[in-house]
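Written out below as structure tokens is the structure these notes cover.
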There are 2 protein chains.
Amino acid sequence: MTDQAAADPHPWDHLEVPAGERTEAARRLLLAAVDSFARRGYHATTTRDIATAAGMSPAALYIHYSSKAALLSEISRTGHQATLDLVERAEAAGGDPVEQMRRLAEEFTTWHARGHTVGRIVNHELHALPEEDFAAVAELRRRIEDTVRRIIEAGVATGAFTVPDVRTAARAVTSLGIDVSRWYSERSTETPEELGRRYGILVLRMLGAAV
Amino acid sequence: MTDQAAADPHPWDHLEVPAGERTEAARRLLLAAVDSFARRGYHATTTRDIATAAGMSPAALYIHYSSKAALLSEISRTGHQATLDLVERAEAAGGDPVEQMRRLAEEFTTWHARGHTVGRIVNHELHALPEEDFAAVAELRRRIEDTVRRIIEAGVATGAFTVPDVRTAARAVTSLGIDVSRWYSERSTETPEELGRRYGILVLRMLGAAV
DNA sequence: CATGTGACTAAGCGCTTGCTTAGCATGTTG
DNA sequence: CAACATGCTAAGCAAGCGCTTAGTCACATG
């Protein structure tokens, strides 16, 4: 089950929710919500859309989730956590700042291409979150950007990177990856991995590394 | 009136609608729509929100615009046209590909920072457009990206640029600028012009130019 | 085999939505 | 000064919204 899910990429994989933690029905609802929120946007999606896509009556949704916003919260929180994990793993895996940054840029980009549906919700529906969920998620976003900045600072210190301004460069690196979720589509000719490799090169060059 | 509007930057300036072409009331409605669509999103904005912000009763909106979607269409069409004009001017102003690209990247970035409210609507509410408006706008977007790609191709031909893939590089350049409208805020410490200059350097480096 | 229990549906409630209608002042025109 | 156009408001309509209620059914437990 688990290894098959890993072999067969799926929007669900981008929400780090252990398979056993929710029932089949709740999982189906969450997947339907991801699809619908990503395609039409949170406010344009109705609870009837979600329930119908999950093969249930409108009322069944409320047995598994307390509200439409609760679905968004779960998607946003787990999606952000998965992204932060990815970024911190790229830093922790070691090597010099150039190696760390290549890994981070490649995987960050690949994630946002493969999981562009979840990515779209994570990055474009922040304003629709209940206030306390927004605060939690904002903290995760801060830590993602901090990690990127830390690697750039390290690279500037060793002389491997040269940038006009560290904060601006960190913004640019994360921004480039995030925006992939806006434009990437299944119809794109590049695979997520190809795109990741190419973006890895572009990012290193942007930071003034010799590539 | 007109020169004061030019001296005092305003969301309106990013919608290239000649001052005389609409009445005061219609202009107020359009501005209220820009503000509300950018802040809450198209679907979360009600016609009552817009009319009230423009100081009118809900019904008055329909004297000036045929529907809520007509407001979005006008914002999206004029916003896209303004962006295309900017990009084509940067190419036409001459110089070698490096000079053209620096100008394009700087002005494209500055535009998306200063006009981030309009930019947010232009780039994130495409799916809410009526079908025929979407088609018109998609054509403008294609021409924007084509212009960027043309300059990169010219630079690759002269040897000034080196990129892993021209289409991917063009995507990255436009994407970097577009995403500024998502995260830039009036509270940002960088001015739009500062950010433009820094992004200009990052973009040229990304394309393998010696900077 | 009575009594729960959990997952579900049919129906619908109260409210908000985009938009319309009817009417009212103001100003312009023959 | 009658006739009309313009720009607006008060009131409200049909449709759709998020969510609730009441009840059904399959199945587990004493």
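How things are named: the first chain in the structure tokens is A, the next is B, and so on; residues count from 1 in each chain; ligands count from 1 in the order shown.
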Do you have, as CSV, the list of residues of chain C lying at most 10 Å from chain A, each with its nearest atom pair and that distance in Å to one decimal, counting only C-alpha atoms (C1' of nucleotides) and ordered by chain then number?
```
residue,atom,partner,partner_atom,distance
C:DG6,C1',A:Ile63,CA,9.9
C:DA7,C1',A:Ile63,CA,8.1
C:DC8,C1',A:Ala60,CA,6.4
C:DT9,C1',A:Ser57,CA,6.5
C:DA10,C1',A:Ser57,CA,9.3
```
Could you give me, as a ChimeraX atom specification, each residue of region 11-105 of chain B that DSSP assigns to alpha helix (DSSP H) when run on this structure's backbone? /B:24-40,47-53,61-64,68-92,97-105
Which residues are near Ser175 (chain A)? Cut-off 8 Å, only C-alpha atoms (C1' of nucleotides), ignore same chain within fewer than 6 positions. Put them as a PDB file with C-alpha atoms, in the first residue's frame.
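So around.pdb came out as:
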```pdb
ATOM      1  CA  LEU B 176       9.850  35.432 -11.246  1.00  0.00           C
ATOM      2  CA  ASP B 179       5.099  36.133  -8.543  1.00  0.00           C
ATOM      3  CA  VAL B 180       6.210  39.493  -7.164  1.00  0.00           C
TER       4      VAL B 180
END
```
Which residues of chain B are close to chain A, meaning at most 10 Å apart when you count only C-alpha atoms, and how do they look as a PyMOL selection string? chain B and resi 39-45+123-125+127-128+163-165+168-169+171-180+182-183+190+195+197-199+201-211
Dump C-alpha atoms for the selected residues as a PDB file, in the first residue's frame?
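After the write, selection-v3.pdb holds the following:
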```pdb
ATOM      1  CA  ARG B  39      -7.719  41.622  -1.154  1.00  0.00           C
ATOM      2  CA  ARG B  40     -10.380  38.916  -0.913  1.00  0.00           C
ATOM      3  CA  GLY B  41     -10.425  37.302  -4.357  1.00  0.00           C
ATOM      4  CA  TYR B  42     -13.071  37.523  -7.067  1.00  0.00           C
ATOM      5  CA  HIS B  43     -15.495  34.921  -5.718  1.00  0.00           C
ATOM      6  CA  ALA B  44     -15.308  36.168  -2.141  1.00  0.00           C
ATOM      7  CA  THR B  45     -16.133  39.700  -3.253  1.00  0.00           C
ATOM      8  CA  ASN B 123      -2.453  36.545 -12.651  1.00  0.00           C
ATOM      9  CA  HIS B 124      -4.661  34.737 -10.152  1.00  0.00           C
ATOM     10  CA  GLU B 125      -8.232  35.275 -11.334  1.00  0.00           C
ATOM     11  CA  HIS B 127     -10.084  31.030 -14.282  1.00  0.00           C
ATOM     12  CA  ALA B 128     -12.994  33.275 -13.263  1.00  0.00           C
ATOM     13  CA  VAL B 163      20.667  28.400 -20.667  1.00  0.00           C
ATOM     14  CA  PRO B 164      19.718  24.746 -20.131  1.00  0.00           C
ATOM     15  CA  ASP B 165      16.541  25.238 -22.209  1.00  0.00           C
ATOM     16  CA  THR B 168      12.217  26.927 -19.432  1.00  0.00           C
ATOM     17  CA  ALA B 169      14.390  30.011 -19.033  1.00  0.00           C
ATOM     18  CA  ARG B 171       9.149  30.674 -18.130  1.00  0.00           C
ATOM     19  CA  ALA B 172      11.464  31.311 -15.199  1.00  0.00           C
ATOM     20  CA  VAL B 173      12.007  34.979 -16.101  1.00  0.00           C
ATOM     21  CA  THR B 174       8.300  35.795 -16.474  1.00  0.00           C
ATOM     22  CA  SER B 175       7.377  33.635 -13.497  1.00  0.00           C
ATOM     23  CA  LEU B 176       9.850  35.432 -11.246  1.00  0.00           C
ATOM     24  CA  GLY B 177       8.322  38.792 -12.142  1.00  0.00           C
ATOM     25  CA  ILE B 178       4.700  37.662 -11.987  1.00  0.00           C
ATOM     26  CA  ASP B 179       5.099  36.133  -8.543  1.00  0.00           C
ATOM     27  CA  VAL B 180       6.210  39.493  -7.164  1.00  0.00           C
ATOM     28  CA  ARG B 182       1.710  37.618  -4.938  1.00  0.00           C
ATOM     29  CA  TRP B 183       4.121  38.513  -2.144  1.00  0.00           C
ATOM     30  CA  GLU B 190      12.355  47.568  -0.728  1.00  0.00           C
ATOM     31  CA  LEU B 195      13.561  45.419  -6.238  1.00  0.00           C
ATOM     32  CA  ARG B 197      17.253  46.651 -10.094  1.00  0.00           C
ATOM     33  CA  ARG B 198      18.120  43.638  -7.941  1.00  0.00           C
ATOM     34  CA  TYR B 199      15.895  41.295  -9.920  1.00  0.00           C
ATOM     35  CA  ILE B 201      20.869  41.424 -11.891  1.00  0.00           C
ATOM     36  CA  LEU B 202      19.501  38.056 -10.732  1.00  0.00           C
ATOM     37  CA  VAL B 203      17.789  37.466 -14.069  1.00  0.00           C
ATOM     38  CA  LEU B 204      20.870  38.272 -16.136  1.00  0.00           C
ATOM     39  CA  ARG B 205      22.967  35.950 -13.974  1.00  0.00           C
ATOM     40  CA  MET B 206      20.343  33.245 -14.289  1.00  0.00           C
ATOM     41  CA  LEU B 207      20.685  33.462 -18.074  1.00  0.00           C
ATOM     42  CA  GLY B 208      24.441  32.981 -17.797  1.00  0.00           C
ATOM     43  CA  ALA B 209      25.375  36.588 -18.652  1.00  0.00           C
ATOM     44  CA  ALA B 210      28.545  37.969 -17.088  1.00  0.00           C
ATOM     45  CA  VAL B 211      27.357  40.570 -14.549  1.00  0.00           C
TER      46      VAL B 211
END
```
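Distance criterion 12 Å to chain A, applied with only C-alpha atoms (C1' of nucleotides), yields DG16, DC17, DG18, DC19, DT20 and DT21 of chain D on chain D.
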Which polymer residues have any atom within 10 Å of an atom of DT5 (chain C), counting only C-alpha atoms (C1' of nucleotides), with same-chain residues fewer than 5 positions away left out, as a list in words?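 Here the answer would be DC27, DA28 and DT29 of chain D.
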12 Å contact set for DG12 (chain D), only C-alpha atoms (C1' of nucleotides), chain neighbours under 5 positions out, as an MDAnalysis selection string: (chainID B and resid 59) or (chainID C and resid 19:22)
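The coordinates place CA of Ser181 (chain B) at 17.1 Å from CA of Leu72 (chain B).
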